[in-house]
file input-v4.txt (compact mmCIF, C-alpha atoms)
# COMPACT_ATOMS: atom_id res chain seq x y z
CA MET G 224 0.00 0.00 0.00
CA THR G 225 1.33 3.42 -1.00
CA LEU G 226 -0.53 6.29 0.65
CA GLY G 227 0.25 9.75 -0.67
CA ILE G 228 -0.76 12.83 1.32
CA GLY G 229 -0.39 16.39 0.03
CA PHE G 230 -0.97 19.61 1.99
CA LEU G 231 1.35 22.04 0.16
CA GLY G 232 -1.76 23.50 -1.44
CA ASP G 233 -5.26 22.03 -1.49
CA ALA G 234 -5.50 18.69 0.33
CA THR G 235 -4.74 15.75 -1.99
CA VAL G 236 -4.86 12.09 -0.99
CA SER G 237 -4.14 9.00 -3.07
CA ARG G 238 -3.78 5.31 -2.38
CA ASP G 239 -1.77 3.22 -4.86
CA GLY G 240 -2.19 6.01 -7.37
CA GLN G 241 -5.98 6.34 -7.01
CA GLU G 242 -7.25 9.76 -5.88
CA LEU G 243 -9.40 9.76 -2.74
CA LYS G 244 -11.85 12.25 -1.24
CA VAL G 245 -11.40 12.81 2.48
CA GLY G 246 -14.42 14.90 3.39
CA HIS G 247 -15.07 18.41 4.68
CA ALA G 248 -12.61 20.95 6.08
CA ARG G 249 -12.74 19.85 9.75
CA GLN G 250 -12.08 16.23 8.80
CA GLN G 251 -9.22 17.44 6.59
CA CYS G 252 -7.85 19.32 9.63
CA VAL G 253 -7.69 16.04 11.56
CA LEU G 254 -5.83 14.41 8.68
CA ALA G 255 -3.52 17.43 8.39
CA VAL G 256 -2.51 17.16 12.06
CA LEU G 257 -1.80 13.45 11.64
CA ALA G 258 0.14 14.14 8.42
CA VAL G 259 2.39 16.71 10.12
CA GLU G 260 3.20 14.07 12.74
CA ALA G 261 3.18 11.13 10.28
CA GLY G 262 4.44 7.97 11.99
CA ARG G 263 4.20 9.53 15.46
CA PRO G 264 1.18 9.12 17.76
CA VAL G 265 -1.05 12.11 18.47
CA SER G 266 -3.30 11.92 21.52
CA LEU G 267 -6.98 12.88 21.47
CA ASP G 268 -6.20 15.87 23.69
CA GLN G 269 -3.54 17.04 21.23
CA LEU G 270 -5.89 16.51 18.31
CA THR G 271 -8.57 18.55 20.06
CA GLU G 272 -6.23 21.46 20.72
CA ARG G 273 -4.69 21.42 17.24
CA VAL G 274 -7.97 21.07 15.34
CA TRP G 275 -10.15 23.51 17.34
CA GLY G 276 -7.78 25.60 19.47
CA ASP G 277 -9.67 27.34 22.29
CA ASP G 278 -13.10 26.68 20.77
CA PRO G 279 -13.73 22.91 20.79
CA PRO G 280 -17.24 21.42 20.42
CA ALA G 281 -19.18 20.18 23.44
CA LYS G 282 -17.97 16.58 22.97
CA PRO G 283 -14.68 16.82 21.04
CA ARG G 284 -13.69 13.18 21.60
CA ASP G 285 -16.94 11.94 20.10
CA ALA G 286 -16.40 14.23 17.12
CA LEU G 287 -12.80 13.04 16.69
CA HIS G 288 -13.78 9.37 16.87
CA GLY G 289 -16.29 10.05 14.12
CA TYR G 290 -13.69 11.80 11.93
CA LEU G 291 -11.12 9.04 12.51
CA TYR G 292 -13.69 6.35 11.67
CA ARG G 293 -14.61 8.05 8.40
CA LEU G 294 -10.97 8.67 7.48
CA ARG G 295 -10.21 4.98 8.01
CA GLN G 296 -13.12 4.09 5.75
CA VAL G 297 -11.57 6.21 2.98
CA LEU G 298 -7.86 5.57 3.57
CA GLY G 299 -8.01 2.00 4.85
CA ASP G 300 -7.97 0.57 8.35
CA ASP G 301 -4.18 0.22 8.20
CA ALA G 302 -3.64 3.91 7.39
CA ILE G 303 -4.45 5.25 10.88
CA VAL G 304 -3.33 3.02 13.72
CA ARG G 305 -3.71 3.17 17.50
CA LYS G 306 -0.28 3.65 19.00
CA SER G 307 1.06 4.60 22.47
CA GLY G 308 -2.11 6.27 23.67
CA GLY G 309 -2.77 8.11 20.42
CA TYR G 310 -3.36 7.77 16.71
CA ALA G 311 -0.63 7.70 14.07
CA LEU G 312 -0.85 8.08 10.30
CA VAL G 313 0.98 5.40 8.32
CA ALA G 314 1.91 7.11 5.06
CA SER G 315 5.02 6.60 2.96
CA ASP G 316 4.66 9.82 0.97
CA VAL G 317 3.71 13.09 2.72
CA ASP G 318 4.72 16.16 0.73
CA LEU G 319 5.35 18.21 3.92
CA HIS G 320 8.08 15.80 5.00
CA ARG G 321 9.42 15.23 1.49
CA PHE G 322 9.86 19.01 1.15
CA GLU G 323 11.93 19.22 4.34
CA GLN G 324 14.00 16.16 3.40
CA LEU G 325 14.81 17.61 -0.03
CA ILE G 326 15.76 20.95 1.52
CA SER G 327 18.06 19.20 4.00
CA SER G 328 19.84 17.45 1.11
CA GLY G 329 20.23 20.70 -0.85
CA ARG G 330 17.76 19.77 -3.61
CA HIS G 331 15.93 23.10 -3.58
CA GLU G 332 14.48 22.89 -7.10
CA GLU G 333 12.81 19.55 -6.41
CA ALA G 334 11.59 20.74 -3.01
CA LEU G 335 10.00 23.90 -4.36
CA ALA G 336 8.37 21.98 -7.21
CA LEU G 337 6.18 20.23 -4.59
CA TRP G 338 4.36 23.47 -3.79
CA ARG G 339 0.92 23.88 -5.35
CA GLY G 340 -0.26 26.89 -3.35
CA GLU G 341 -0.67 27.94 0.28
CA PRO G 342 -0.06 25.09 2.75
CA PHE G 343 -3.29 23.66 4.22
CA ALA G 344 -5.33 25.77 1.80
CA GLY G 345 -8.80 26.47 3.19
CA LEU G 346 -7.98 24.97 6.60
CA ARG G 347 -7.72 27.11 9.73
CA SER G 348 -6.74 26.52 13.35
CA PRO G 349 -4.16 28.30 15.53
CA TRP G 350 -1.88 25.27 15.45
CA LEU G 351 -2.14 24.74 11.68
CA ASP G 352 -1.54 28.47 11.19
CA SER G 353 1.74 28.20 13.10
CA VAL G 354 2.85 25.19 11.04
CA ARG G 355 1.86 27.05 7.86
CA ASP G 356 4.01 30.02 8.91
CA ARG G 357 6.98 27.73 9.52
CA LEU G 358 6.60 26.09 6.11
CA LEU G 359 6.35 29.48 4.38
CA GLN G 360 9.54 30.57 6.14
CA GLN G 361 11.30 27.43 4.95
CA LYS G 362 10.03 28.05 1.42
CA HIS G 363 11.36 31.61 1.57
CA VAL G 364 14.80 30.37 2.62
CA ALA G 365 14.77 27.71 -0.12
CA GLU G 366 13.84 30.27 -2.77
CA THR G 367 16.60 32.57 -1.54
CA GLU G 368 19.20 29.82 -1.69
CA ARG G 369 18.00 28.73 -5.14
CA ALA G 370 18.35 32.31 -6.41
CA GLU G 371 21.84 32.54 -4.95
CA ILE G 372 22.91 29.40 -6.79
CA ALA G 373 21.49 30.76 -10.05
CA LEU G 374 23.32 34.07 -9.62
CA ARG G 375 26.61 32.35 -8.92
CA GLU G 376 26.14 30.36 -12.13
CA GLY G 377 25.42 33.52 -14.14
CA ARG G 378 21.70 32.76 -14.65
CA HIS G 379 20.52 36.19 -13.46
CA GLY G 380 17.95 36.49 -16.25
CA GLU G 381 16.14 33.39 -15.01
CA VAL G 382 15.58 34.72 -11.51
CA LEU G 383 15.18 38.47 -12.04
CA THR G 384 11.38 38.54 -12.33
CA GLY G 385 10.99 36.34 -9.26
CA LEU G 386 13.43 38.48 -7.26
CA ILE G 387 11.49 41.65 -8.05
CA ALA G 388 8.34 40.05 -6.62
CA ARG G 389 10.12 38.54 -3.61
CA ALA G 390 11.83 41.84 -2.71
CA ALA G 391 8.39 43.50 -2.70
CA ASP G 392 7.01 40.72 -0.46
CA HIS G 393 10.01 40.87 1.91
CA PRO G 394 10.99 44.57 2.06
CA LEU G 395 13.30 44.11 5.10
CA ASP G 396 15.21 41.08 3.77
CA GLU G 397 18.69 42.35 2.93
CA ARG G 398 19.76 39.11 1.31
CA VAL G 399 16.89 39.21 -1.20
CA THR G 400 17.53 42.88 -1.92
CA GLY G 401 21.22 42.11 -2.50
CA GLN G 402 20.31 39.37 -4.95
CA LEU G 403 17.91 41.70 -6.77
CA MET G 404 20.56 44.43 -6.96
CA LEU G 405 23.05 42.03 -8.49
CA ALA G 406 20.55 40.57 -10.96
CA LEU G 407 19.46 44.05 -12.08
CA HIS G 408 23.06 45.24 -12.41
CA ARG G 409 24.10 42.22 -14.46
CA SER G 410 21.05 42.78 -16.68
CA GLY G 411 22.22 46.30 -17.50
CA ARG G 412 19.72 47.95 -15.14
CA SER G 413 22.17 49.46 -12.64
CA ALA G 414 20.01 52.50 -11.91
CA GLU G 415 17.19 50.22 -10.75
CA ALA G 416 19.68 48.26 -8.62
CA LEU G 417 20.68 51.46 -6.84
CA GLU G 418 17.02 52.39 -6.40
CA SER G 419 16.43 49.01 -4.74
CA PHE G 420 19.19 49.75 -2.24
CA GLU G 421 17.79 53.19 -1.49
CA ARG G 422 14.30 51.77 -0.99
CA LEU G 423 15.64 49.24 1.53
CA ARG G 424 17.69 51.91 3.30
CA ARG G 425 14.61 54.10 3.80
CA THR G 426 12.50 51.16 4.98
CA LEU G 427 15.09 50.04 7.53
CA ALA G 428 15.50 53.59 8.84
CA ASP G 429 11.76 54.21 9.12
CA GLU G 430 10.73 50.87 10.64
CA LEU G 431 13.76 49.72 12.64
CA GLY G 432 16.06 52.73 12.96
CA THR G 433 18.96 50.83 11.39
CA ASP G 434 21.13 50.99 8.27
CA PRO G 435 21.82 48.31 5.65
CA SER G 436 24.56 45.84 6.56
CA ALA G 437 28.18 46.42 5.61
CA VAL G 438 27.93 43.67 3.01
CA LEU G 439 25.03 45.37 1.25
CA ARG G 440 26.70 48.78 1.44
CA ASP G 441 29.79 47.26 -0.15
CA LEU G 442 27.70 45.81 -3.00
CA HIS G 443 26.09 49.24 -3.47
CA HIS G 444 29.52 50.86 -3.69
CA ARG G 445 30.79 48.33 -6.20
CA ILE G 446 27.75 48.81 -8.43
CA LEU G 447 28.40 52.55 -8.33
CA THR G 448 32.05 52.16 -9.30
CA GLU G 449 32.14 49.00 -11.47
CA ALA G 450 31.67 49.66 -15.18
CA GLU G 451 31.31 45.99 -16.14
CA PRO G 452 28.29 44.27 -14.48
CA SER G 453 29.75 40.79 -14.83
CA GLY G 454 32.78 41.86 -12.81
CA ILE G 455 30.84 41.89 -9.55
CA GLU G 456 30.31 38.65 -7.67
CA LEU G 457 27.55 37.90 -5.23
CA PRO G 458 28.71 38.63 -1.65
CA GLU G 459 28.17 36.26 1.20
CA ALA G 460 24.84 36.67 2.98
CA GLY G 461 24.82 39.81 5.10
CA LYS G 462 24.32 39.95 8.82
CA PRO G 463 20.66 40.26 9.89
CA VAL G 464 19.40 43.66 10.95
CA ARG G 465 20.81 44.64 14.34
CA ARG G 466 19.25 46.83 17.00
CA ARG G 467 21.26 49.54 18.64
CA ASN G 468 21.27 48.14 22.19
CA SER G 469 21.71 44.64 23.57
CA LEU G 470 21.65 42.95 26.96
CA VAL G 471 22.77 39.61 28.29
CA PHE G 472 20.21 37.47 30.09
CA ALA G 473 20.45 34.42 32.35
CA VAL G 474 17.29 32.46 33.03
CA ALA G 475 15.95 30.66 36.09
CA GLY G 476 15.65 27.28 34.43
CA VAL G 477 17.70 27.77 31.31
CA VAL G 478 19.91 30.75 30.69
CA VAL G 479 19.96 32.59 27.41
CA LEU G 480 20.98 35.92 25.97
CA VAL G 481 18.56 38.33 24.40
CA ALA G 482 18.48 41.88 23.09
CA VAL G 483 15.56 43.86 24.52
CA LEU G 484 13.76 47.09 23.84
CA VAL G 485 15.33 50.40 24.76
CA THR G 486 12.77 50.83 27.55
CA VAL G 487 14.40 47.97 29.45
CA LEU G 488 17.78 49.69 29.13
CA VAL G 489 16.93 52.87 31.03
CA ASN G 490 19.06 51.98 34.05
CA GLN G 491 21.54 49.61 32.40
CA GLY G 492 24.48 50.00 30.09
CA THR G 493 25.22 48.15 26.89
CA PRO G 494 27.88 45.41 26.96
CA THR G 495 30.84 45.59 24.63
CA THR G 496 31.41 42.89 22.08
CA PRO G 497 34.23 40.55 23.21
CA SER G 498 37.07 40.16 20.76
CA SER G 499 36.31 36.45 20.40
CA ALA G 500 32.67 36.99 19.45
CA PRO G 501 31.46 37.58 15.91
CA THR G 502 30.27 41.10 15.12
CA GLY G 503 26.78 41.76 16.40
CA LYS G 504 26.74 38.90 18.91
CA TYR G 505 27.31 39.18 22.67
CA ALA G 506 28.80 36.48 24.85
CA ALA G 507 28.00 35.13 28.32
CA ARG G 508 28.05 32.01 30.44
CA LEU G 509 24.55 30.62 30.86
CA LYS G 510 23.71 30.08 34.52
CA ALA G 511 20.61 29.41 36.62
CA GLY G 512 21.15 29.11 40.35
CA ASP G 513 24.14 26.80 40.77
CA LEU G 514 23.58 25.14 37.38
CA CYS G 515 24.39 26.12 33.82
CA VAL G 516 22.73 25.20 30.58
CA THR G 517 24.78 22.58 28.79
CA GLU G 518 24.27 19.58 26.53
CA GLY G 519 22.91 16.18 27.40
CA ARG G 520 21.08 13.18 25.98
CA ASP G 521 17.72 11.57 26.51
CA ARG G 522 17.96 10.16 30.03
CA GLN G 523 15.90 7.11 29.11
CA THR G 524 17.56 6.05 25.87
CA HIS G 525 20.93 7.83 26.32
CA ASP G 526 21.16 8.34 22.56
CA GLY G 527 19.90 10.65 19.83
CA PRO G 528 21.13 14.18 19.09
CA PRO G 529 22.32 16.52 21.86
CA ILE G 530 19.59 18.40 23.70
CA ALA G 531 19.71 21.44 25.97
CA VAL G 532 19.74 20.45 29.64
CA GLN G 533 20.87 21.82 32.99
CA GLY G 534 24.11 20.60 34.43
CA ALA G 535 27.32 21.49 36.20
CA CYS G 536 28.85 24.74 34.99
CA SER G 537 32.13 22.92 34.39
CA ASP G 538 30.34 21.07 31.57
CA ALA G 539 28.88 24.22 30.00
CA PRO G 540 30.12 25.50 26.64
CA PRO G 541 32.68 28.33 26.75
CA GLN G 542 30.20 30.97 25.59
CA THR G 543 26.71 31.57 24.27
CA LEU G 544 25.91 34.44 21.92
CA ILE G 545 22.86 36.53 21.08
CA GLU G 546 22.22 37.96 17.63
CA PRO G 547 19.52 40.66 17.36
CA LEU G 548 17.43 40.17 14.23
CA GLY G 549 15.35 43.34 14.34
CA GLY G 550 12.12 44.20 16.10
CA GLU G 551 11.83 42.05 19.24
CA ASN G 552 13.35 38.97 17.66
CA ASP G 553 16.63 37.38 18.65
CA ARG G 554 18.62 34.32 17.69
CA ILE G 555 20.67 32.41 20.27
CA TRP G 556 24.02 30.96 19.19
CA TRP G 557 25.83 28.09 20.91
CA ASN G 558 29.59 27.73 20.73
CA HIS G 559 30.05 23.98 20.50
CA PRO G 560 33.58 22.68 21.30
CA VAL G 561 33.45 20.32 18.30
CA ASN G 562 30.78 21.61 15.90
CA GLY G 563 31.55 25.30 16.33
CA LEU G 564 28.84 27.95 16.28
CA GLY G 565 25.24 26.88 15.73
CA CYS G 566 21.78 28.08 16.73
CA LEU G 567 19.49 27.01 19.55
CA SER G 568 16.46 25.46 17.84
CA ALA G 569 13.29 23.57 18.53
CA MET G 570 14.15 20.02 17.48
CA GLY G 571 13.43 19.76 13.76
CA GLY G 572 11.33 22.92 13.93
CA SER G 573 8.71 21.00 15.92
CA VAL G 574 5.81 22.95 17.39
CA GLN G 575 4.49 20.15 19.59
CA GLU G 576 4.33 20.21 23.37
CA GLY G 577 7.34 18.48 24.89
CA ALA G 578 9.62 19.28 21.92
CA ARG G 579 13.18 19.68 23.12
CA LEU G 580 15.63 22.43 22.28
CA GLU G 581 18.70 21.49 20.29
CA PRO G 582 21.74 23.49 21.38
CA TRP G 583 23.56 23.12 18.08
CA ASP G 584 21.91 23.37 14.68
CA LYS G 585 22.85 25.05 11.42
CA CYS G 586 21.78 28.70 11.56
CA ARG G 587 19.54 29.69 8.68
CA ASP G 588 18.13 33.18 8.21
CA ASP G 589 14.43 33.70 8.87
CA LEU G 590 13.66 30.31 10.43
CA THR G 591 11.15 31.13 13.17
CA PHE G 592 12.00 28.08 15.25
CA GLN G 593 15.46 29.65 15.77
CA GLN G 594 13.99 32.97 16.94
CA PHE G 595 12.74 34.01 20.37
CA ARG G 596 11.19 36.98 22.13
CA PHE G 597 10.90 37.83 25.81
CA GLU G 598 7.55 38.60 27.43
CA ARG G 599 7.89 40.54 30.67
CA VAL G 600 6.08 38.90 33.62
CA GLY G 601 7.59 40.79 36.57
CA GLN G 602 10.54 42.79 37.80
CA ASP G 603 13.48 41.53 35.76
CA ARG G 604 11.59 38.35 34.90
CA TYR G 605 10.53 37.20 31.46
CA ARG G 606 8.76 34.36 29.69
CA LEU G 607 10.67 33.05 26.66
CA ARG G 608 8.40 32.65 23.60
CA PRO G 609 9.64 30.90 20.44
CA LEU G 610 8.17 32.74 17.45
CA HIS G 611 6.92 29.64 15.63
CA THR G 612 4.48 28.45 18.32
CA ASP G 613 2.13 29.58 21.07
CA LEU G 614 4.08 27.42 23.55
CA CYS G 615 6.70 28.64 26.03
CA VAL G 616 10.20 27.44 26.88
CA GLY G 617 10.29 25.62 30.21
CA VAL G 618 12.43 23.24 32.25
CA GLN G 619 10.94 19.86 33.08
CA GLU G 620 12.52 19.67 36.52
CA PRO G 621 13.66 23.19 37.50
CA LEU G 622 17.22 23.44 38.79
CA ALA G 623 17.71 19.66 38.69
CA PRO G 624 20.86 18.31 37.01
CA GLY G 625 20.01 16.82 33.64
CA ALA G 626 16.60 18.52 33.45
CA GLU G 627 15.58 18.91 29.84
CA VAL G 628 14.66 22.22 28.20
CA VAL G 629 11.38 21.77 26.30
CA LEU G 630 8.38 23.56 24.78
CA GLU G 631 5.38 23.62 27.13
CA LYS G 632 1.95 25.14 27.44
CA CYS G 633 2.28 28.63 28.89
CA THR G 634 1.06 27.95 32.42
CA GLY G 635 2.84 30.84 34.13
CA GLY G 636 4.78 28.44 36.33
CA ALA G 637 8.13 29.38 37.86
CA ASP G 638 9.92 26.96 35.55
CA GLN G 639 8.88 29.22 32.65
CA GLU G 640 10.08 32.48 34.20
CA PHE G 641 13.50 33.73 33.20
CA ALA G 642 15.52 36.11 35.37
CA VAL G 643 17.72 38.83 33.86
CA GLU G 644 21.36 38.61 34.90
CA ARG G 645 24.11 40.88 33.55
CA ILE G 646 27.39 38.99 33.18
call {"tool": "encode", "arguments": {"input": "input-v4.txt", "output": "structure tokens"}}
result
Amino acid sequence: MTLGIGFLGDATVSRDGQELKVGHARQQCVLAVLAVEAGRPVSLDQLTERVWGDDPPAKPRDALHGYLYRLRQVLGDDAIVRKSGGYALVASDVDLHRFEQLISSGRHEEALALWRGEPFAGLRSPWLDSVRDRLLQQKHVAETERAEIALREGRHGEVLTGLIARAADHPLDERVTGQLMLALHRSGRSAEALESFERLRRTLADELGTDPSAVLRDLHHRILTEAEPSGIELPEAGKPVRRRNSLVFAVAGVVVLVAVLVTVLVNQGTPTTPSSAPTGKYAARLKAGDLCVTEGRDRQTHDGPPIAVQGACSDAPPQTLIEPLGGENDRIWWNHPVNGLGCLSAMGGSVQEGARLEPWDKCRDDLTFQQFRFERVGQDRYRLRPLHTDLCVGVQEPLAPGAEVVLEKCTGGADQEFAVERI
């Protein structure tokens, strides 16, 4: 049996090549949740929250059992199985997962060819909306990387029209603007390339109070002074937009760094950038009580990728860095003794409750599951909110050695409150 599920556009379902109809929008929402978690069990409580959010029907379990029964009638009894207290979709071909796998292997053209429109078209729930946003961010990054490859290969004519549209859709994205400037310049439209730079400069100044990055300013200068368009190469991706002030934070369960609004800085100075830190990032040791945030493994299986845990400070990495991205958004870097610098991320971009944080992962611009904001909850205390989900960062066993850092429902508990500590 080959079950194909598609949600990168209108819902499409096929079994052994035969197209199937899976019912109305709410029933499709149930299938969409199972497809996102294909192969992994989803409990009835999770299904209820992800399908209806804060507005479930009077008897959500009865409704779900009805939807699951009808889906099994269409897909086959072996397509949705009872597993570990929940229900899991058995599907060998889900376009959502194939897209991410192709992106991970660098096959951007094939990955983008899977898209048929807006993800989960016509389906709405707070949880699906957050997954949709994450997928659109990944698509944006894939399109940006595809354009960069084309420009490096001299195929600027192929991507110019698309870059004009994407620069309009993402007016604060310096990397896209840089690609557009280069494509215009190489097409003999240098005046328009300079206009693109000026448009970005005004937008950054008006909305964020910042200037274009040094990389983009350098490209602007070279377009002004280079007579031959083909003589200019595409620069490396510029640094994200930086705010003017930054602070270092330590949290009472997991310690991180974050840049905050100027209003928080009234009575505090701005740290200087250490010589060992990359430009625009600020270093600190992460500490909570007598413990520091370090790396560990699943305490039950003792395997899998590293996860963020609490442990002895002697085991902590030499430094953690914060990179302001503009607005209230920040990215947290981890200096791994073997892997080098990477970004703190929700494991695999997961938005599910209990998802762990991975202390080292490849940093990619604009991925929301690598971005955080702080929500003030008291004097010098904050709740850490990943941008890609309505969940909060919490510690499973506060201040206990080996306690895992995970995504949790925002309960307001002490394990989700982060204390500010200048170091």
call {"tool": "atom_distance", "arguments": {"input": "input-v4.txt", "atom1": "CA of Gln361 (chain G)", "atom2": "CA of Gly340 (chain G)"}}
result
14.2 Å
call {"tool": "closest_residue", "arguments": {"input": "input-v4.txt", "among": "G:Gly617, G:Arg409, G:Glu366, G:Asp356", "to": "His379 (chain G)", "atoms": "only C-alpha atoms"}}
result
G:Arg409
call {"tool": "atom_distance", "arguments": {"input": "input-v4.txt", "atom1": "CA of Leu544 (chain G)", "atom2": "CA of Phe595 (chain G)"}}
result
13.3 Å
call {"tool": "atom_distance", "arguments": {"input": "input-v4.txt", "atom1": "CA of Gly329 (chain G)", "atom2": "CA of Glu518 (chain G)"}}
result
27.7 Å
call {"tool": "residues_around", "arguments": {"input": "input-v4.txt", "residues": "Leu407 (chain G)", "least_positions_apart": "4", "cutoff": "12 Å", "atoms": "only C-alpha atoms", "output": "short mmCIF file (atom, residue, chain, number, x, y, z; two decimals) with C-alpha atoms, in the frame of the given file"}}
result
data_model
loop_
_atom_site.label_atom_id
_atom_site.label_comp_id
_atom_site.auth_asym_id
_atom_site.auth_seq_id
_atom_site.Cartn_x
_atom_site.Cartn_y
_atom_site.Cartn_z
CA LEU G 374 23.32 34.07 -9.62
CA ARG G 378 21.70 32.76 -14.65
CA HIS G 379 20.52 36.19 -13.46
CA GLY G 380 17.95 36.49 -16.25
CA GLU G 381 16.14 33.39 -15.01
CA VAL G 382 15.58 34.72 -11.51
CA LEU G 383 15.18 38.47 -12.04
CA THR G 384 11.38 38.54 -12.33
CA GLY G 385 10.99 36.34 -9.26
CA LEU G 386 13.43 38.48 -7.26
CA ILE G 387 11.49 41.65 -8.05
CA THR G 400 17.53 42.88 -1.92
CA GLY G 401 21.22 42.11 -2.50
CA GLN G 402 20.31 39.37 -4.95
CA LEU G 403 17.91 41.70 -6.77
CA GLY G 411 22.22 46.30 -17.50
CA ARG G 412 19.72 47.95 -15.14
CA SER G 413 22.17 49.46 -12.64
CA ALA G 414 20.01 52.50 -11.91
CA GLU G 415 17.19 50.22 -10.75
CA ALA G 416 19.68 48.26 -8.62
CA LEU G 417 20.68 51.46 -6.84
CA GLU G 418 17.02 52.39 -6.40
CA SER G 419 16.43 49.01 -4.74
CA PHE G 420 19.19 49.75 -2.24
CA ILE G 446 27.75 48.81 -8.43
CA PRO G 452 28.29 44.27 -14.48
CA SER G 453 29.75 40.79 -14.83
CA ILE G 455 30.84 41.89 -9.55
#
call {"tool": "closest_residue", "arguments": {"input": "input-v4.txt", "among": "G:Gln324, G:Val364, G:Glu397, G:Ala623", "to": "Cys586 (chain G)", "atoms": "only C-alpha atoms"}}
result
G:Val364
call {"tool": "residues_around", "arguments": {"input": "input-v4.txt", "residues": "Val304 (chain G)", "least_positions_apart": "4", "cutoff": "10 Å", "atoms": "only C-alpha atoms", "output": "list in words"}}
result
Gly262, Pro264, Leu291, Arg295, Asp300, Gly309, Tyr310, Ala311, Leu312 and Val313 of chain G
call {"tool": "closest_residue", "arguments": {"input": "input-v4.txt", "among": "G:Asp268, G:Glu332, G:Glu631, G:Asp613", "to": "Gly577 (chain G)", "atoms": "all atoms listed in the file"}}
result
G:Glu631
call {"tool": "residues_around", "arguments": {"input": "input-v4.txt", "residues": "region 319-323 of chain G", "least_positions_apart": "2", "cutoff": "7 Å", "atoms": "all atoms listed in the file", "output": "PDB file with C-alpha atoms, in the frame of the given file"}}
result
ATOM      1  CA  PHE G 230      -0.970  19.610   1.990  1.00  0.00           C
ATOM      2  CA  LEU G 231       1.350  22.040   0.160  1.00  0.00           C
ATOM      3  CA  VAL G 317       3.710  13.090   2.720  1.00  0.00           C
ATOM      4  CA  LEU G 325      14.810  17.610  -0.030  1.00  0.00           C
ATOM      5  CA  ILE G 326      15.760  20.950   1.520  1.00  0.00           C
ATOM      6  CA  SER G 327      18.060  19.200   4.000  1.00  0.00           C
ATOM      7  CA  ALA G 334      11.590  20.740  -3.010  1.00  0.00           C
ATOM      8  CA  LEU G 337       6.180  20.230  -4.590  1.00  0.00           C
TER       9      LEU G 337
END
call {"tool": "closest_residue", "arguments": {"input": "input-v4.txt", "among": "G:Asp233, G:Leu405, G:Glu341, G:Val532", "to": "Arg375 (chain G)", "atoms": "all atoms listed in the file"}}
result
G:Leu405
call {"tool": "residues_near_point", "arguments": {"input": "input-v4.txt", "point": "(-13.9, 16.5, 9.8)", "cutoff": "9 Å", "atoms": "all atoms listed in the file", "output": "VMD selection string"}}
result
chain G and resid 245 to 254 286 to 287 289 to 291 293 to 294
call {"tool": "closest_residue", "arguments": {"input": "input-v4.txt", "among": "G:Ala261, G:Gly227, G:Ala234, G:Pro280", "to": "Gly345 (chain G)", "atoms": "only C-alpha atoms"}}
result
G:Ala234
call {"tool": "residues_around", "arguments": {"input": "input-v4.txt", "residues": "Ala569 (chain G)", "least_positions_apart": "4", "cutoff": "10 Å", "atoms": "only C-alpha atoms", "output": "PDB file with C-alpha atoms, in the coordinates of the input"}}
result
ATOM      1  CA  ILE G 530      19.590  18.400  23.700  1.00  0.00           C
ATOM      2  CA  SER G 573       8.710  21.000  15.920  1.00  0.00           C
ATOM      3  CA  VAL G 574       5.810  22.950  17.390  1.00  0.00           C
ATOM      4  CA  GLN G 575       4.490  20.150  19.590  1.00  0.00           C
ATOM      5  CA  ALA G 578       9.620  19.280  21.920  1.00  0.00           C
ATOM      6  CA  ARG G 579      13.180  19.680  23.120  1.00  0.00           C
ATOM      7  CA  LEU G 580      15.630  22.430  22.280  1.00  0.00           C
ATOM      8  CA  GLU G 581      18.700  21.490  20.290  1.00  0.00           C
ATOM      9  CA  PRO G 582      21.740  23.490  21.380  1.00  0.00           C
ATOM     10  CA  ASP G 584      21.910  23.370  14.680  1.00  0.00           C
ATOM     11  CA  THR G 591      11.150  31.130  13.170  1.00  0.00           C
ATOM     12  CA  PHE G 592      12.000  28.080  15.250  1.00  0.00           C
ATOM     13  CA  GLN G 593      15.460  29.650  15.770  1.00  0.00           C
ATOM     14  CA  GLN G 594      13.990  32.970  16.940  1.00  0.00           C
ATOM     15  CA  PRO G 609       9.640  30.900  20.440  1.00  0.00           C
ATOM     16  CA  HIS G 611       6.920  29.640  15.630  1.00  0.00           C
ATOM     17  CA  VAL G 616      10.200  27.440  26.880  1.00  0.00           C
ATOM     18  CA  VAL G 628      14.660  22.220  28.200  1.00  0.00           C
ATOM     19  CA  VAL G 629      11.380  21.770  26.300  1.00  0.00           C
ATOM     20  CA  LEU G 630       8.380  23.560  24.780  1.00  0.00           C
TER      21      LEU G 630
END
